[in-house]
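Here is the structure we will look at.
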Amino acid sequence: MDDYPWHARPLEEVLERLDASPQGLATAEAKRRLKKSGPNRIERNRRRPWYRILLHQLADPIVYVLLAAALLAILIGKVADSSVVLAVIVLNTTIGFVQEMRATQAIEALSRMVPRNATVLRNGEPKSVPAHTVVPGDVLMLQAGDQVAADLRLFEVNGLQVEEAALTGESLPASKQETPVAEDAVVGDRRSMAFGGTLVTAGTADGVVVATGPGSELGRISRLLSETSELQTPLTRRLASLVKAISLAVLAIAVLIFIVGMWRENSLLDSALAAITLAVASIPEGLPAVITIASAIGVQRMAHRRAIVRHLPAVETLGSTTVICTDKTGTLTRNEMTVEALWTPEGDVEVTGVGYEPEGELRVDGQSVSSLGESLEELLLAGLLCNDSELECSGGRWRIVGDPTEGALVVAARKASMDEDALRTQFPRKDEIPFDSEAQFMATLHDTSDHGAMVCVKGAPEVVARMSPHFLDGQPMNVDRVHEAVEALAARGMRVLAVAAAKPAADMTDLEASGWQEQLCFLGLVGMSDPPRDEAIQAVRTCQQAGVIVKMVTGDHAETARAIGQSIGLLEAGNGASEVVTGSQIEAATDAELLELACSTNVFARVAPEHKLRLVKALQADGQVVAMTGDGVNDAPALKRAEIGVAMGINGTAVAREASDIVLADDNFASISAAVEEGRRVYDNLSKSLAFVLPTSLGQAMVILVAVLFFPVTDGHLLMPIEPVQILWVNLVVAIALALPLALEAREPGLMNRAPRPPKEPLLSPFLVFRTFLVAALMTAGAAGLFLFEYASDLSEGVAVELARGRAQSVAVTTIILFQMLYLLNCRSLSQTFWRIGLATNLWVYLGMAVTLILQLAFVYLEPLNQLFHTQPMDPGGWLMAAGAAFVGFLVILLEKWLWRQNGTPPDIRPPCGFHV
């Protein structure tokens with residue numbers, strides 16, 4: 001029954017198919033149907049038990065490598081060392097576990113959208129029943145303020161308007177009707193239906209329930225959501241590839257080292273120990289902690305910029321984004337209807353100010369209107385009286401109670417210094433004809449101060465103009481003139497209402513009485529729109545400058561979408577897209593055709609949830625990294641599917657927020673561009689951290705490799721320049737203390753003028769690979785060379801072998817540490833000198849260097865640490881040699897940067913977005 005076109009069938013056929021009647025069901029029949037159809041609720045997925053969530057956090061390649069490091073440390077008898085590695089695993093696992101436990105399921109939020117009670121006809125009488133007991137065939141009675149309990153085929157409609165923005169994305173309440181609509185109408189155009197979870201804003205109606213629970217429109221979205229898989233982010237994919245490559249390389253080299261050691265007549269134990277030592281040296285144990293903490297710092301920075309991150313990888317993913325698919329209502333626009341222009345036969349009037357805040361004025365030819373003329377005053381008065389909405393301020397925020405279109409008329413009157421409460425008291429309403437989607441007008445009857453009557457009318461311009469014999473000044477109605485004014489306002493993307501009034505000679509008490517239409521005066525036109533946020537226009541421009549394509553995907557009408565698209569710069573000539581594609585076109589397109597449409601179009605209108613999902617998938621098939629923004633239930637499946645989902649925190653539904661990765665605390669699209677900038681900075685800083693951490697691991701591995709290949713073997717024992725416990729000291733203690741300050745680096749100039757990174761670009765670019773091997777080679781030469789020099793010097797002076805080896809190892813480790821300290825300065829920018837980006841822009845770097853130096857002094861001179869790490873105190877000569885080797889490496893990297901700058905674009909600065917999008 002889900003596919004049956006209820007919206008396109010006559011009521012008689014619908015009732016016959018449901019075996020129902022306009023008088024509702026009998027209580028016994030309703031109970032029978034409830035057993036058959038099941039409760040009217042959206043079933044929740046069973047939540048995974050806590051231990052499965054915990055195990056899921058451990059199912060990560062980098063965790064496997066860390067566990068291997070811990071196991072290797074245990075195998076060589078270093079339980080304390082393995083504890084340090086395991087502490088890193090616990091840190092990363094705890095963060096992920098807590099986040100996933102706190103995140104509630106989006107489908108649970110869908111179930112909360114079903115109201116608790118509903119008014120149904122049972123045994124022919126109205127009865128309030130729990131919403132979960134509503135069944136197909138029930139007749140629901142709706143009135144203003146009700147939340148619809150199930151999907152209904154409507155009848156007995158009396159001015160019914162339903163707020164469907166969360167479901168369809170349309171900013172204005174939808175007017176409903178009894179008559180069927182076209183079978184191929186999208187959800188937003190099914191005027192003969194009311195859907196579960198939506199809100200009645202005006203009028204009344206009865207409707208027969210055609211679908212409940214899983215069979216409803218909300219249930220369909222729930223299925224889409226549960227069937228939609230989340231994709232790995234670019235960072236997690238790149239990390240997985242990097243860790244896999246490191247793991248295979250470590251395994252291969254460790255086996256090679258073992259074979260070479262045996263070939264050189266090293267003992268079996270020493271050969272195995274050398275292989276294990278190299279494996280420990282090659283694994284960047286501190287890398288997960290650095291990435292986790294760098295991302296966490298990015299989370300804090302984004303929170304200050306009004307973007308709340310729910311999943312850590314989303315921080316970096318924003319920096320990789322190539323396409324942003326954004327909703328319109330409440331995201332690019334204010335979701336507050338605003339009167340922008342008035343037209344009377346005397347001329348045009350502009351209305352300043354946006355939104356529901358009654359700040360602004362009326363202007364003619366740019367000059368403020370000091371006093372209202374008769375026609376303008378009558379126009380605003382009639383629009384205020386033929387109106388059921390109220391304006392109120394709560395917590396410093398203005399909002400409309402009632403229909404947004406009517407609310408815009410109230411705000412416009414306030415801007416003209418008109419008090420709606422006083423005027424409604426002065427002209428009390430006696431009778432009304434509610435707005436009807438077929439008649440397309442609303443009329444109200446009021447008492448006047450002289451005890452006469454006044455009729456106020458508002459509605460569709462062509463209808464009101466046809467009803468009005470003349471203008472206010474007595475001139476005959478000129479329909480063509482009105483039509484030209486309507487076209488001019490509509491061309492500016494406005495919704496146009498016409499307003500008229502009459503003062504019948506007789507004192508009427510019944511608005512249906514004849515005679516008042518003959519005296520109707522056409523007062524003028526009101527042009528209004530849901531205006532774009534000023535900051536959103538700039539944010540779109542910023543994203544475009546950064547090479548990020550912005551696409552608007554909305555459930556609103558094509559004309560409205562086109563007007564907003566033009567106003568925010570999405571449909572400008574020459575930007576690659578000039579047309580609007582509708583949901584029906586998406587529906588009819590093949591996957592190949594949709595791929596072409598998705599890439600060539602920037603504005604999509606009248607789209608359904610499955611259309612949004614198809615668009616995201618099409619863009620991903622083109623290799624794009626997609627960020628999807630939205631605030632409605634209809635956005636949730638696409639939010640979940642996109643690499644990064646961005647939901648609105650204020651006006652967004654709980655479903656959208658909980659299906660997203662990032663929530664905007666201020667519902668401002670401008671916060672997205674700020675978040676993209678922050679994401680790029682995080683990625684930059686992660687790249688710098690990688691460029692710092694990886695050479696350390698590779699350098700230590702190369703030191704071991706050089707020792708196994710070339711160092712002397714005496715009595716079956718290999719001379720080792722560095723031991724596993726010393727490697728763990730370097731990797732876990734010192735490397736982290738030095739690498740973490742890089743996560744606090746300020747953004748480099750031109751960050752938002754770069755093109756996005758190619759989605760398939762590896763985490764280690766060719767440049768970073770080159771830099772890693774260069775730094776590792778310099779570190780290896782310094783550490784291995786000074787170890788041999790110090791060891792040979794001590795032996796020549798008669799120092800015992802064990803003591804000489806301890807001193808030489810202290811020199812080697814100190815050389816690596818000092819090398820890292822100076823290399824840290826070079827990592828503050830991968831292309832520029834550290835003094836050009838500002839000596840004082842990141843004081844944490846100097847703190848990290850100071851802490852590292854103190855720790856290394858303790859490593860060399862404190863006896864407990866000497867015993868734990870098998871080191872010996874160094875003389876000043878050893879420190880001078882280590883510092884000299886580190887300084888030479890520092891100068892070589894400076895020279896390399898200079899050569900890069902002389903030969904083209906610095907390697908960490910992508911070309912301007914005009915060259916690569």
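In the structure tokens, each chain is lettered A, B, ... as it comes, each chain's residues begin at 1, and ligands are numbered from 1 in order of appearance.
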
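By chain and then residue number, the residues within 8 Å of Val162 in chain A are Pro173, Ala174, Ser175, Lys176, Ala194, Thr198, Leu199, Val200, Thr201 and Ala202 of chain A, counting only C-alpha atoms and disregarding those fewer than 4 positions away in sequence.
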
Residues near Asp667 in chain A, cut-off 7 Å, only C-alpha atoms, skip fewer than 2 positions along chain, as a count of residues only: 7

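Distances here use only C-alpha atoms; by that measure, the residue among A:Gln832, A:Gln809, A:Thr780, A:Thr841 closest to Arg901 in chain A is A:Gln832.
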
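When CA of Ala589 in chain A is paired with CA of Ala627 in chain A, their separation reads 22.8 Å.
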
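The shell of residues at most 8 Å from Asp556 in chain A, with only C-alpha atoms counted and near chain neighbours (fewer than 4 positions) removed, consists of Thr168, Gly169, Glu170, Ser171, Gly188, Thr560, Ala561, Ala605, Arg606 and Val607 of chain A.
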
What does the file look like for those residues with N, CA and C atoms, as a CSV table (one decimal), in the first residue's frame?
```csv
chain,number,residue,atom,x,y,z
A,168,THR,N,9.8,18.8,3.8
A,168,THR,CA,9.9,19.2,2.4
A,168,THR,C,11.0,20.2,2.1
A,169,GLY,N,11.3,21.0,3.1
A,169,GLY,CA,12.2,22.1,2.9
A,169,GLY,C,11.6,23.4,2.4
A,170,GLU,N,10.3,23.4,2.2
A,170,GLU,CA,9.6,24.6,1.8
A,170,GLU,C,9.4,25.6,2.9
A,171,SER,N,9.8,26.8,2.7
A,171,SER,CA,9.8,27.8,3.8
A,171,SER,C,8.4,28.2,4.3
A,188,GLY,N,6.1,17.7,-1.7
A,188,GLY,CA,5.8,19.1,-1.4
A,188,GLY,C,4.6,19.6,-2.2
A,560,THR,N,11.5,30.3,-6.5
A,560,THR,CA,12.0,30.8,-5.3
A,560,THR,C,13.5,30.5,-5.2
A,561,ALA,N,13.8,29.2,-5.5
A,561,ALA,CA,15.2,28.8,-5.5
A,561,ALA,C,16.1,29.6,-6.5
A,605,ALA,N,15.9,22.3,-7.1
A,605,ALA,CA,14.6,22.7,-6.4
A,605,ALA,C,13.6,21.6,-6.4
A,606,ARG,N,12.7,21.7,-5.4
A,606,ARG,CA,11.6,20.7,-5.3
A,606,ARG,C,12.1,19.3,-5.2
A,607,VAL,N,13.1,19.1,-4.4
A,607,VAL,CA,13.8,17.8,-4.3
A,607,VAL,C,13.2,17.0,-3.1
```
